[in-house]
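**Q** File follows, my_file.cif with mmCIF, C-alpha atoms:
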```
data_upload
loop_
_atom_site.label_atom_id
_atom_site.label_comp_id
_atom_site.auth_asym_id
_atom_site.auth_seq_id
_atom_site.Cartn_x
_atom_site.Cartn_y
_atom_site.Cartn_z
CA MET B 1 63.62 83.34 130.74
CA THR B 2 64.97 86.76 131.69
CA GLN B 3 68.43 87.38 130.31
CA ARG B 4 71.19 87.12 132.86
CA TRP B 5 73.18 90.23 133.73
CA ALA B 6 76.36 88.66 132.37
CA TRP B 7 76.99 87.85 128.72
CA ALA B 8 79.53 87.74 125.91
CA GLU B 9 79.18 89.50 122.57
CA ILE B 10 80.58 87.85 119.46
CA ASP B 11 81.40 90.07 116.51
CA LEU B 12 81.07 87.84 113.46
CA ASP B 13 82.01 90.75 111.23
CA ALA B 14 85.37 90.77 113.03
CA ILE B 15 85.74 87.05 112.33
CA ALA B 16 85.09 87.66 108.64
CA HIS B 17 87.47 90.63 108.62
CA ASN B 18 90.27 88.60 110.22
CA VAL B 19 89.81 85.73 107.76
CA GLY B 20 90.08 88.26 104.95
CA VAL B 21 93.22 89.84 106.36
CA VAL B 22 95.01 86.52 106.68
CA ALA B 23 93.71 85.18 103.36
CA GLN B 24 95.18 88.19 101.59
CA ALA B 25 98.49 87.77 103.41
CA VAL B 26 98.92 84.07 102.65
CA ALA B 27 97.53 83.88 99.09
CA PRO B 28 97.69 81.70 97.07
CA ALA B 29 97.58 79.33 100.05
CA ALA B 30 94.06 78.47 101.17
CA VAL B 31 92.69 79.16 104.66
CA TRP B 32 91.13 76.47 106.84
CA ALA B 33 89.50 77.88 109.95
CA VAL B 34 90.17 76.18 113.29
CA VAL B 35 86.89 75.99 115.23
CA LYS B 36 87.79 73.45 117.92
CA ALA B 37 86.78 74.03 121.54
CA ASP B 38 83.54 75.70 120.42
CA ALA B 39 85.59 78.04 118.24
CA TYR B 40 87.83 78.99 121.16
CA GLY B 41 84.73 79.89 123.15
CA HIS B 42 83.15 82.01 120.40
CA GLY B 43 80.49 79.54 119.17
CA ALA B 44 81.57 76.94 116.62
CA THR B 45 78.73 76.85 114.12
CA GLN B 46 78.31 80.62 113.95
CA VAL B 47 82.03 81.18 113.53
CA ALA B 48 82.31 78.38 110.98
CA HIS B 49 79.58 79.89 108.81
CA ALA B 50 81.17 83.35 109.07
CA ALA B 51 84.64 82.04 108.22
CA LEU B 52 83.44 80.04 105.22
CA GLU B 53 81.42 82.98 103.90
CA ALA B 54 84.55 85.13 104.26
CA GLY B 55 86.63 82.81 102.10
CA ALA B 56 87.86 79.93 104.25
CA SER B 57 87.66 76.70 102.25
CA GLY B 58 87.77 74.19 105.10
CA LEU B 59 87.54 73.77 108.85
CA CYS B 60 89.60 72.08 111.55
CA ALA B 61 88.25 70.49 114.72
CA ALA B 62 89.71 68.49 117.59
CA LEU B 63 86.95 66.00 118.36
CA VAL B 64 84.55 63.86 116.38
CA GLN B 65 81.61 65.38 118.23
CA GLU B 66 82.73 68.84 117.17
CA GLY B 67 82.62 67.74 113.56
CA VAL B 68 79.26 66.02 114.00
CA THR B 69 77.80 69.22 115.45
CA LEU B 70 79.01 71.23 112.47
CA ARG B 71 77.51 68.72 110.03
CA ALA B 72 74.21 68.80 111.92
CA ASP B 73 74.14 72.56 111.39
CA GLY B 74 74.32 72.10 107.66
CA ILE B 75 78.02 72.70 107.07
CA THR B 76 79.28 70.72 104.07
CA ALA B 77 82.85 72.04 103.84
CA PRO B 78 85.77 69.70 104.61
CA ILE B 79 86.34 69.24 108.34
CA LEU B 80 89.79 68.02 109.35
CA LEU B 81 90.11 66.27 112.72
CA LEU B 82 93.54 67.31 113.98
CA SER B 83 94.48 64.08 115.77
CA GLU B 84 93.52 60.40 115.71
CA GLN B 85 90.12 59.63 117.22
CA HIS B 86 90.16 56.04 118.44
CA GLY B 87 86.89 54.14 118.47
CA HIS B 88 84.99 56.57 116.26
CA ALA B 89 85.62 55.20 112.78
CA GLU B 90 81.94 54.67 111.93
CA ALA B 91 80.95 58.19 113.04
CA ILE B 92 83.83 59.72 111.08
CA VAL B 93 82.75 57.92 107.92
CA ALA B 94 79.04 58.58 108.43
CA ASN B 95 79.61 62.31 108.80
CA GLY B 96 82.18 62.68 106.05
CA LEU B 97 84.88 64.00 108.37
CA THR B 98 88.53 64.02 107.35
CA PRO B 99 90.59 62.15 109.93
CA THR B 100 94.23 62.62 110.75
CA LEU B 101 96.30 59.45 110.80
CA TYR B 102 99.68 58.53 112.19
CA SER B 103 99.29 54.79 112.84
CA VAL B 104 98.52 51.79 110.63
CA GLY B 105 96.05 50.43 113.19
CA GLU B 106 93.80 53.48 113.05
CA ALA B 107 94.06 53.56 109.27
CA GLU B 108 92.90 49.94 109.13
CA ALA B 109 89.90 50.69 111.35
CA LEU B 110 88.85 53.58 109.13
CA ASP B 111 89.38 51.50 106.00
CA VAL B 112 87.04 48.81 107.32
CA ALA B 113 84.41 51.38 108.29
CA ALA B 114 84.58 53.14 104.93
CA ARG B 115 84.34 49.94 102.91
CA SER B 116 81.48 48.69 105.08
CA ALA B 117 79.59 51.93 104.48
CA GLY B 118 79.99 51.47 100.75
CA THR B 119 80.84 55.12 100.22
CA THR B 120 83.56 56.70 98.12
CA PRO B 121 87.03 56.47 99.63
CA LEU B 122 87.43 58.58 102.77
CA ASP B 123 89.89 61.47 102.54
CA VAL B 124 92.59 61.27 105.22
CA HIS B 125 95.56 63.44 106.18
CA VAL B 126 98.79 62.14 107.69
CA LYS B 127 100.49 64.08 110.46
CA ILE B 128 104.26 64.10 110.77
CA ASP B 129 105.97 64.68 114.12
CA THR B 130 108.81 66.95 113.05
CA GLY B 131 109.84 67.95 116.55
CA MET B 132 106.92 68.97 118.77
CA HIS B 133 106.69 65.39 120.04
CA ARG B 134 102.99 65.45 120.83
CA VAL B 135 101.44 63.25 118.12
CA GLY B 136 102.35 62.21 114.59
CA VAL B 137 104.30 59.58 112.73
CA GLN B 138 108.06 59.92 112.87
CA PRO B 139 109.60 61.19 109.62
CA ALA B 140 111.38 57.89 109.04
CA GLY B 141 108.07 56.05 109.05
CA ALA B 142 106.07 58.49 106.94
CA VAL B 143 106.54 56.88 103.53
CA ALA B 144 105.65 53.41 104.80
CA LEU B 145 102.48 54.71 106.48
CA VAL B 146 101.35 56.66 103.42
CA ALA B 147 102.09 53.68 101.18
CA ALA B 148 99.97 51.47 103.42
CA ILE B 149 97.12 54.00 103.29
CA THR B 150 97.25 54.27 99.50
CA ALA B 151 96.84 50.48 99.32
CA MET B 152 93.59 50.60 101.32
CA ALA B 153 90.52 50.71 99.09
CA GLY B 154 88.45 52.61 101.63
CA LEU B 155 90.87 55.52 102.07
CA ARG B 156 92.31 58.28 99.91
CA PHE B 157 95.54 60.00 100.91
CA ALA B 158 94.49 63.64 100.69
CA GLY B 159 97.13 65.55 102.62
CA VAL B 160 100.16 65.63 104.88
CA PHE B 161 100.96 68.13 107.61
CA THR B 162 102.95 69.01 110.67
CA HIS B 163 102.65 71.45 113.57
CA LEU B 164 105.27 73.94 114.71
CA ALA B 165 106.12 74.14 118.40
CA VAL B 166 107.46 77.71 118.51
CA ALA B 167 105.88 79.46 115.55
CA ASP B 168 105.12 82.43 117.82
CA GLU B 169 108.90 82.96 117.95
CA PRO B 170 109.60 83.19 114.21
CA THR B 171 113.36 83.56 114.56
CA SER B 172 113.74 80.40 116.64
CA PRO B 173 116.00 77.85 114.91
CA ALA B 174 113.45 75.18 115.89
CA ASN B 175 111.16 76.41 113.14
CA ALA B 176 113.72 75.95 110.40
CA LEU B 177 114.58 72.53 111.82
CA GLN B 178 110.96 71.38 111.81
CA LEU B 179 110.22 72.79 108.36
CA GLY B 180 113.38 71.18 107.02
CA ARG B 181 112.28 67.80 108.35
CA PHE B 182 108.84 68.31 106.83
CA ASP B 183 110.29 69.23 103.45
CA ALA B 184 112.46 66.12 103.61
CA VAL B 185 109.35 63.98 104.14
CA LEU B 186 107.71 65.61 101.12
CA ASP B 187 110.81 64.80 99.06
CA ASP B 188 110.82 61.21 100.33
CA LEU B 189 107.18 60.78 99.32
CA ARG B 190 107.81 62.13 95.85
CA ARG B 191 110.81 59.86 95.38
CA ALA B 192 108.51 56.98 96.29
CA GLY B 193 106.11 58.07 93.57
CA ILE B 194 103.56 59.61 95.95
CA GLU B 195 102.60 63.22 95.32
CA PRO B 196 100.88 64.73 98.36
CA PRO B 197 97.68 66.42 97.15
CA VAL B 198 97.93 68.99 99.95
CA ALA B 199 100.70 69.93 102.38
CA HIS B 200 100.31 72.26 105.35
CA ALA B 201 102.40 73.34 108.32
CA ALA B 202 101.33 76.85 109.33
CA ASN B 203 99.19 77.80 112.29
CA SER B 204 98.24 81.46 112.84
CA ALA B 205 101.69 82.61 113.84
CA ALA B 206 103.47 80.83 111.02
CA ALA B 207 100.83 81.96 108.53
CA LEU B 208 101.55 85.58 109.41
CA ALA B 209 105.31 85.41 109.85
CA MET B 210 106.74 82.51 107.81
CA PRO B 211 105.91 82.35 104.10
CA GLU B 212 107.97 79.17 103.82
CA ALA B 213 105.51 77.38 106.12
CA ARG B 214 102.35 78.19 104.18
CA HIS B 215 102.51 75.47 101.51
CA ASP B 216 98.99 74.77 100.15
CA LEU B 217 96.91 75.91 103.10
CA VAL B 218 97.20 77.49 106.54
CA ARG B 219 95.28 76.49 109.65
CA LEU B 220 93.91 79.77 110.97
CA GLY B 221 93.24 79.56 114.69
CA ILE B 222 93.72 82.26 117.31
CA ALA B 223 94.34 85.09 114.83
CA MET B 224 90.87 84.52 113.37
CA TYR B 225 89.50 85.61 116.74
CA GLY B 226 91.55 88.81 116.74
CA ILE B 227 94.02 87.66 119.38
CA GLU B 228 97.74 87.77 118.75
CA PRO B 229 99.44 84.34 118.67
CA GLY B 230 102.40 85.63 120.66
CA GLU B 231 104.66 88.60 121.28
CA GLY B 232 106.97 87.54 118.46
CA VAL B 233 104.28 88.23 115.86
CA ARG B 234 102.56 91.16 117.56
CA HIS B 235 103.83 93.55 114.90
CA LEU B 236 101.89 91.57 112.28
CA CYS B 237 98.57 91.64 114.12
CA GLY B 238 97.69 95.33 113.89
CA ASP B 239 94.86 94.76 111.40
CA LEU B 240 93.15 92.04 113.44
CA ARG B 241 89.97 92.81 115.39
CA PRO B 242 89.01 91.05 118.65
CA ALA B 243 85.77 89.15 118.16
CA LEU B 244 84.75 88.46 121.77
CA SER B 245 83.87 90.92 124.50
CA LEU B 246 82.65 90.06 128.02
CA HIS B 247 80.00 92.13 129.78
CA ALA B 248 77.92 92.28 132.96
CA ARG B 249 75.75 94.73 134.89
CA VAL B 250 76.14 96.05 138.41
CA SER B 251 73.81 94.12 140.72
CA MET B 252 74.43 95.98 144.00
CA VAL B 253 76.18 99.10 145.28
CA LYS B 254 77.06 99.60 148.94
CA THR B 255 79.46 101.54 151.16
CA VAL B 256 82.03 99.48 153.02
CA ALA B 257 83.48 101.16 156.09
CA ALA B 258 87.18 101.82 156.53
CA GLY B 259 88.94 98.81 158.00
CA GLU B 260 86.36 96.32 156.74
CA GLY B 261 87.42 93.47 154.47
CA VAL B 262 85.88 92.36 151.16
CA SER B 263 85.22 88.83 149.85
CA TYR B 264 86.56 85.46 150.98
CA GLY B 265 89.52 85.64 153.31
CA LEU B 266 88.96 89.38 153.73
CA ARG B 267 92.17 89.80 151.79
CA HIS B 268 91.27 93.30 150.67
CA VAL B 269 90.77 95.76 153.51
CA CYS B 270 89.25 99.12 152.62
CA PRO B 271 91.65 101.91 153.68
CA ALA B 272 88.76 104.37 153.84
CA ASP B 273 85.00 104.31 153.45
CA THR B 274 84.59 102.82 149.97
CA ARG B 275 81.72 102.54 147.51
CA VAL B 276 81.80 98.95 146.31
CA ALA B 277 79.79 97.49 143.43
CA THR B 278 78.98 93.81 143.07
CA VAL B 279 79.05 92.36 139.56
CA PRO B 280 77.25 89.01 138.98
CA ILE B 281 80.02 87.14 137.17
CA GLY B 282 82.75 84.97 138.67
CA TYR B 283 85.22 82.19 138.19
CA ALA B 284 82.53 79.68 137.20
CA ASP B 285 81.93 82.00 134.25
CA GLY B 286 85.56 82.30 133.23
CA VAL B 287 86.84 85.22 135.32
CA PRO B 288 89.90 83.67 136.98
CA ARG B 289 89.90 83.82 140.77
CA ARG B 290 93.47 85.04 140.79
CA LEU B 291 92.66 88.11 138.70
CA PHE B 292 92.41 89.87 142.07
CA GLY B 293 95.92 90.48 143.31
CA THR B 294 97.35 90.85 139.81
CA GLY B 295 95.89 94.28 139.11
CA GLY B 296 92.70 93.07 137.45
CA GLU B 297 90.37 95.85 136.36
CA VAL B 298 87.01 96.35 134.64
CA LEU B 299 85.49 99.25 132.74
CA VAL B 300 82.57 101.25 134.08
CA HIS B 301 81.42 104.44 132.33
CA GLY B 302 84.53 104.09 130.16
CA LEU B 303 86.97 104.17 133.09
CA ARG B 304 89.03 101.44 134.69
CA ARG B 305 88.05 100.35 138.18
CA PRO B 306 89.98 97.75 140.19
CA ILE B 307 88.64 94.36 141.23
CA ILE B 308 88.85 94.22 145.02
CA GLY B 309 88.68 91.03 147.01
CA VAL B 310 88.95 87.48 145.72
CA VAL B 311 86.78 86.72 142.69
CA THR B 312 84.06 84.32 143.85
CA MET B 313 82.27 81.60 141.90
CA ASP B 314 79.39 83.77 140.73
CA GLN B 315 80.29 87.36 141.63
CA LEU B 316 83.10 89.84 142.00
CA MET B 317 83.45 93.26 143.60
CA ILE B 318 84.92 96.50 142.28
CA ASP B 319 85.99 99.78 143.88
CA CYS B 320 83.71 102.44 142.34
CA GLY B 321 85.92 105.34 143.31
CA ASP B 322 84.17 108.64 142.59
CA LEU B 323 82.08 107.26 139.73
CA PRO B 324 78.30 107.56 140.08
CA VAL B 325 77.75 103.82 139.64
CA ALA B 326 74.22 102.43 139.99
CA VAL B 327 72.52 99.05 139.78
CA GLY B 328 72.12 98.10 136.13
CA ASP B 329 75.15 99.99 134.86
CA GLU B 330 77.13 98.06 132.27
CA VAL B 331 80.54 96.66 133.19
CA VAL B 332 83.00 95.54 130.51
CA LEU B 333 85.50 92.91 131.57
CA ILE B 334 86.99 92.24 128.12
CA GLY B 335 86.46 94.70 125.30
CA GLY B 336 86.11 98.41 124.81
CA GLN B 337 83.75 100.90 126.41
CA ALA B 338 83.12 104.57 125.82
CA GLY B 339 81.27 106.47 128.52
CA PRO B 340 80.62 109.93 129.85
CA HIS B 341 83.87 109.89 131.81
CA GLY B 342 86.28 108.29 129.35
CA SER B 343 87.04 105.53 126.85
CA ASP B 344 89.28 102.52 127.22
CA ALA B 345 89.67 98.84 126.33
CA ILE B 346 90.75 95.70 128.15
CA THR B 347 91.96 92.81 125.99
CA ALA B 348 92.22 89.08 126.49
CA GLU B 349 95.97 89.54 126.05
CA GLU B 350 96.00 91.92 129.02
CA TRP B 351 94.35 89.31 131.21
CA ALA B 352 96.79 86.74 129.93
CA THR B 353 99.79 88.91 130.77
CA ARG B 354 98.50 89.53 134.29
CA LEU B 355 97.88 85.83 134.83
CA GLY B 356 101.01 84.45 133.19
CA THR B 357 99.14 82.60 130.46
CA ILE B 358 98.02 83.14 126.84
CA GLY B 359 95.00 84.73 125.23
CA TYR B 360 93.83 81.31 124.02
CA GLU B 361 93.19 80.18 127.59
CA ILE B 362 91.29 83.34 128.45
CA VAL B 363 88.70 83.13 125.69
CA CYS B 364 88.40 79.34 125.87
CA GLY B 365 87.73 79.74 129.60
CA VAL B 366 84.55 81.79 129.16
CA SER B 367 82.09 79.16 130.33
CA LYS B 368 78.87 77.81 128.87
CA ARG B 369 76.99 79.69 131.61
CA ILE B 370 77.68 82.86 129.67
CA GLU B 371 75.23 83.52 126.85
CA ARG B 372 76.86 84.38 123.52
CA ARG B 373 75.09 87.21 121.75
CA ARG B 374 75.84 88.41 118.27
CA ARG B 375 77.11 91.96 118.52
CA PRO B 376 74.69 94.43 116.93
#
```
Give the structure from this file in C-alpha cells form.

**A**
Amino acid sequence: MTQRWAWAEIDLDAIAHNVGVVAQAVAPAAVWAVVKADAYGHGATQVAHAALEAGASGLCAALVQEGVTLRADGITAPILLLSEQHGHAEAIVANGLTPTLYSVGEAEALDVAARSAGTTPLDVHVKIDTGMHRVGVQPAGAVALVAAITAMAGLRFAGVFTHLAVADEPTSPANALQLGRFDAVLDDLRRAGIEPPVAHAANSAAALAMPEARHDLVRLGIAMYGIEPGEGVRHLCGDLRPALSLHARVSMVKTVAAGEGVSYGLRHVCPADTRVATVPIGYADGVPRRLFGTGGEVLVHGLRRPIIGVVTMDQLMIDCGDLPVAVGDEVVLIGGQAGPHGSDAITAEEWATRLGTIGYEIVCGVSKRIERRRRP
C-alpha cells in the first residue's frame, strides 16, 4: 500500500535521552516508564523497549490489554497497572502483570486467580488516596487493607503509592499535604510491622521538582516524551527532547479569488486573491477542528503559514503567502523544519496553549490513522 501523505515520526533516541536525563536527576530512585494510551500516542512497545534499554526498570500501564500487548511483544519487565481492573483477574495472573489494589474485594479475586493458577504469589501494589480523590484506599484504611493482602497466600505486597494532584505546581501547599499523608501511612505500616518493599509518589513533575516525593521509584510519564508537565516545572525541562513530530505533504494548490470563503461555513474570507494549499490531514487524525480561529499555523519551507478555514475531518487549508509551494512539499504541523526560507519549530505545548489544554491531550490525540515512523 502506498504510504499516506500524513504521518508521525517518533524519535526513540529522544525517548532514551529523556529517560537518561530524569534517571540522573532522581538517582538513586529507579525509573518506571509510563506507556499507557499507546505510550501517549508514540507507540507503546517501541517506547517500552527504548525506555528499558535506556535504564528504566519497570513500566506502568492503565489497562490489562495494554499490559498483555507488551507481554506479547516479549517484554518481561514489571508492568504496573495503575488502577484496579475489575473482571480481569485471570488475565492479570496469566500475564504476570502487577495490579494496583485499593479494595479487599478485588484483592480476594486476584488471590483466588493466583492460587488457582498455581504460580508464585502475585506482586501487588496498594494505592493510597492522599487527596486527589480519584481512586485509592483512604489513609485510615490502608493498614487494614495491606494486612488483609499479606494474609492471602496468592498475593505478595510489593509496593505502596499515591498520586499528586498538583505536582506541576511545586509550590502548592497541596503537595506537602498529600506527601505528609503518604508519609503517615508509611509510618503506620511500619508500626504495624509491615515494611513496604517499594514506595512511590512522583510523576514527571514531582520527579523533576520535588526530591521528597521520589522515594524508591518515580513514574516517568509526559517528560519521557519531551513535553513539559506544566508551566511550574518548565525551567527544569530544558534538557528534554520532543519525541513526536507530525508531518504531511501538500496535496493541492489553487488560487482563491478575493471575497471567496474557504472551508465549511466559509468562515475565512480571502481579503485578496490568495494561493491556498490543501493538506491531507484533519481532525480525524488529531488536528483539532478549533485550531483555526486560535492562530494555528504550520511550517512550509521552514516558515510559518496560517491555517485558514475550519479544519475538516481529513484535510485542512493553509495560506501560502509568497512561498513557492507545490504539490508534494512537506508540511510540519508539530516539530521543527529547516528550509530554504527559514527555520522554526511548532511544539505540542504551543498547540495546547492555543487550545486551552495540555500537551498530553495533543499527542494522545494523534489518531491511529496516522502511521508512526521511526525517525531516521

**Q** Would you mind listing what lies within 10 Å of Ile334 in chain B as a list in words, with all atoms listed in the file counted and same-chain residues fewer than 4 positions away left out?

**A**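 Result of the neighbour search: Ala8, Glu9, Pro242, Leu244, Ser245, Leu246, His247, Glu297, Val298, Leu299, Ala345, Ile346, Thr347, Ala348, Glu349, Glu350, Trp351, Ile362 and Val363 of chain B.
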
**Q** Take CA of Arg354 in chain B and CA of Pro173 in chain B and report the distance between them in Å, one decimal.

**A**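 So the answer is 28.6 Å.
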
**Q** Determine the nearest neighbour of Asp285 in chain B from the options B:Val300, B:Val233, B:Ile79, B:Leu333, counting only C-alpha atoms.

**A**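 Closest candidate: B:Leu333.
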
**Q** Given all atoms listed in the file as the basis, pick out the residue of B:Ala153, B:Ala338, B:Ala223, B:Ile318 nearest to Leu303 in chain B.

**A** B:Ala338

**Q** Which is closer to Leu155 in chain B than all the others in B:Ala258, B:Leu179, B:Leu186, B:Ala107, using all atoms listed in the file?

**A**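 For Leu155 in chain B, the nearest of the candidates is B:Ala107.
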
**Q** Can you pull out the residues contacting Arg234 in chain B? Cut-off 12 Å, using only C-alpha atoms, and skip same-chain residues under 2 positions away; I want them as a list of chain:residue names.

**A**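 These residues fall inside the cut-off: B:Asp168, B:Glu169, B:Pro170, B:Ser204, B:Ala205, B:Leu208, B:Ala209, B:Ala223, B:Gly226, B:Ile227, B:Glu228, B:Pro229, B:Gly230, B:Glu231, B:Gly232, B:Leu236, B:Cys237, B:Gly238, B:Asp239, B:Leu240, B:Glu349.
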
**Q** Which residue gives the smallest distance to Met210 in chain B among B:Ala148, B:Leu323, B:Ile92, B:Ala25, with only C-alpha atoms counted?

**A**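 Distance minimum relative to Met210 in chain B lands on B:Ala25.
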
**Q** Can you tell me how far CA of Thr353 in chain B sits from CA of Ala16 in chain B, in Å to one decimal?

**A** 26.6 Å

**Q** Any chance you could work out the residue set of the PyMOL selection byres ((chain B and resi 121) around 12) here, as a PyMOL selection string?

**A** chain B and resi 93+96-98+110-120+122-124+149-158

**Q** Please evaluate the PyMOL selection byres ((chain B and resi 188) around 12) against the displayed coordinates and give the resulting residues as a list of chain:residue names.

**A** B:Pro139, B:Ala140, B:Gly141, B:Ala142, B:Val143, B:Ala144, B:Val146, B:Ala147, B:Arg181, B:Phe182, B:Asp183, B:Ala184, B:Val185, B:Leu186, B:Asp187, B:Leu189, B:Arg190, B:Arg191, B:Ala192, B:Gly193, B:Ile194, B:Glu195, B:Pro196

**Q** Would you work out the distance separating CA of Arg214 in chain B from CA of Ala201 in chain B, expressed in Å to one decimal?

**A**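 Separating CA of Arg214 in chain B from CA of Ala201 in chain B is a distance of 6.4 Å.
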
**Q** Identify which of the residues B:Glu53, B:Glu260, B:Glu84, B:Asp314 lies closest to Ile281 in chain B, counting all atoms listed in the file when measuring atom-to-atom distances.

**A**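 For Ile281 in chain B, the nearest of the given residues is B:Asp314.
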
**Q** Given the file shown, determine the residues that the PyMOL selection byres ((chain B and resi 255) around 10) selects; report them as a PDB file with C-alpha atoms, in the coordinates of the input.

**A**
```pdb
ATOM      1  CA  VAL B 253      76.180  99.100 145.280  1.00  0.00           C
ATOM      2  CA  LYS B 254      77.060  99.600 148.940  1.00  0.00           C
ATOM      3  CA  VAL B 256      82.030  99.480 153.020  1.00  0.00           C
ATOM      4  CA  ALA B 257      83.480 101.160 156.090  1.00  0.00           C
ATOM      5  CA  ALA B 258      87.180 101.820 156.530  1.00  0.00           C
ATOM      6  CA  ASP B 273      85.000 104.310 153.450  1.00  0.00           C
ATOM      7  CA  THR B 274      84.590 102.820 149.970  1.00  0.00           C
ATOM      8  CA  ARG B 275      81.720 102.540 147.510  1.00  0.00           C
ATOM      9  CA  VAL B 276      81.800  98.950 146.310  1.00  0.00           C
ATOM     10  CA  ALA B 277      79.790  97.490 143.430  1.00  0.00           C
ATOM     11  CA  ASP B 319      85.990  99.780 143.880  1.00  0.00           C
ATOM     12  CA  CYS B 320      83.710 102.440 142.340  1.00  0.00           C
TER      13      CYS B 320
END
```

**Q** Give as JSON, numbers by chain each residue that has an atom at most 12 Å from (97.8, 81.1, 101.2) in the file, counting all atoms listed in the file.

**A** {"B": [19, 20, 21, 22, 23, 24, 25, 26, 27, 28, 29, 30, 31, 32, 55, 56, 57, 199, 200, 201, 202, 203, 204, 206, 207, 208, 210, 211, 212, 213, 214, 215, 216, 217, 218, 219, 220]}

**Q** Which protein, DNA or RNA residues are at most 9 Å from (92.4, 87.5, 142.4) in the file's coordinates when you count all atoms listed in the file, listed as an mmCIF file with C-alpha atoms, in the coordinates of the input?

**A**
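Wrote it out as result.cif, contents follow:
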```cif
data_model
loop_
_atom_site.group_PDB
_atom_site.id
_atom_site.type_symbol
_atom_site.label_atom_id
_atom_site.label_comp_id
_atom_site.auth_asym_id
_atom_site.auth_seq_id
_atom_site.Cartn_x
_atom_site.Cartn_y
_atom_site.Cartn_z
ATOM 1 C CA PRO B 288 89.900 83.670 136.980
ATOM 2 C CA ARG B 289 89.900 83.820 140.770
ATOM 3 C CA ARG B 290 93.470 85.040 140.790
ATOM 4 C CA LEU B 291 92.660 88.110 138.700
ATOM 5 C CA PHE B 292 92.410 89.870 142.070
ATOM 6 C CA GLY B 293 95.920 90.480 143.310
ATOM 7 C CA THR B 294 97.350 90.850 139.810
ATOM 8 C CA GLY B 295 95.890 94.280 139.110
ATOM 9 C CA GLY B 296 92.700 93.070 137.450
ATOM 10 C CA ILE B 307 88.640 94.360 141.230
ATOM 11 C CA ILE B 308 88.850 94.220 145.020
ATOM 12 C CA GLY B 309 88.680 91.030 147.010
ATOM 13 C CA VAL B 310 88.950 87.480 145.720
ATOM 14 C CA VAL B 311 86.780 86.720 142.690
#
```

**Q** Around range 28-47 of chain B, fit a box with edges along x, y and z, padding it by 4 Å on each side, then list its centre and edge lengths in Å to one decimal as AutoDock Vina command-line options.

**A**
```
--center_x 88.0 --center_y 77.7 --center_z 110.1 --size_x 27.4 --size_y 16.6 --size_z 34.1
```

**Q** Using only C-alpha atoms, can you tell me which of B:Pro197, B:Gly180, B:Gly261, B:Gly58 comes closest to His125 in chain B?

**A**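 That would be B:Pro197, the residue with the smallest distance to His125 in chain B.
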
**Q** Quick one: residues within 6 Å of Met224 in chain B, only C-alpha atoms, excluding same-chain residues fewer than 3 positions away - as a ChimeraX atom specification?

**A** /B:15,18-19,221

**Q** Keeping C-alpha atoms, export the residues of the selection given above as a short mmCIF file (atom, residue, chain, number, x, y, z; two decimals), keeping the file's coordinate frame.

**A**
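Done, and the output landed in selection19.cif:
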```
data_model
loop_
_atom_site.label_atom_id
_atom_site.label_comp_id
_atom_site.auth_asym_id
_atom_site.auth_seq_id
_atom_site.Cartn_x
_atom_site.Cartn_y
_atom_site.Cartn_z
CA ILE B 15 85.74 87.05 112.33
CA ASN B 18 90.27 88.60 110.22
CA VAL B 19 89.81 85.73 107.76
CA GLY B 221 93.24 79.56 114.69
#
```
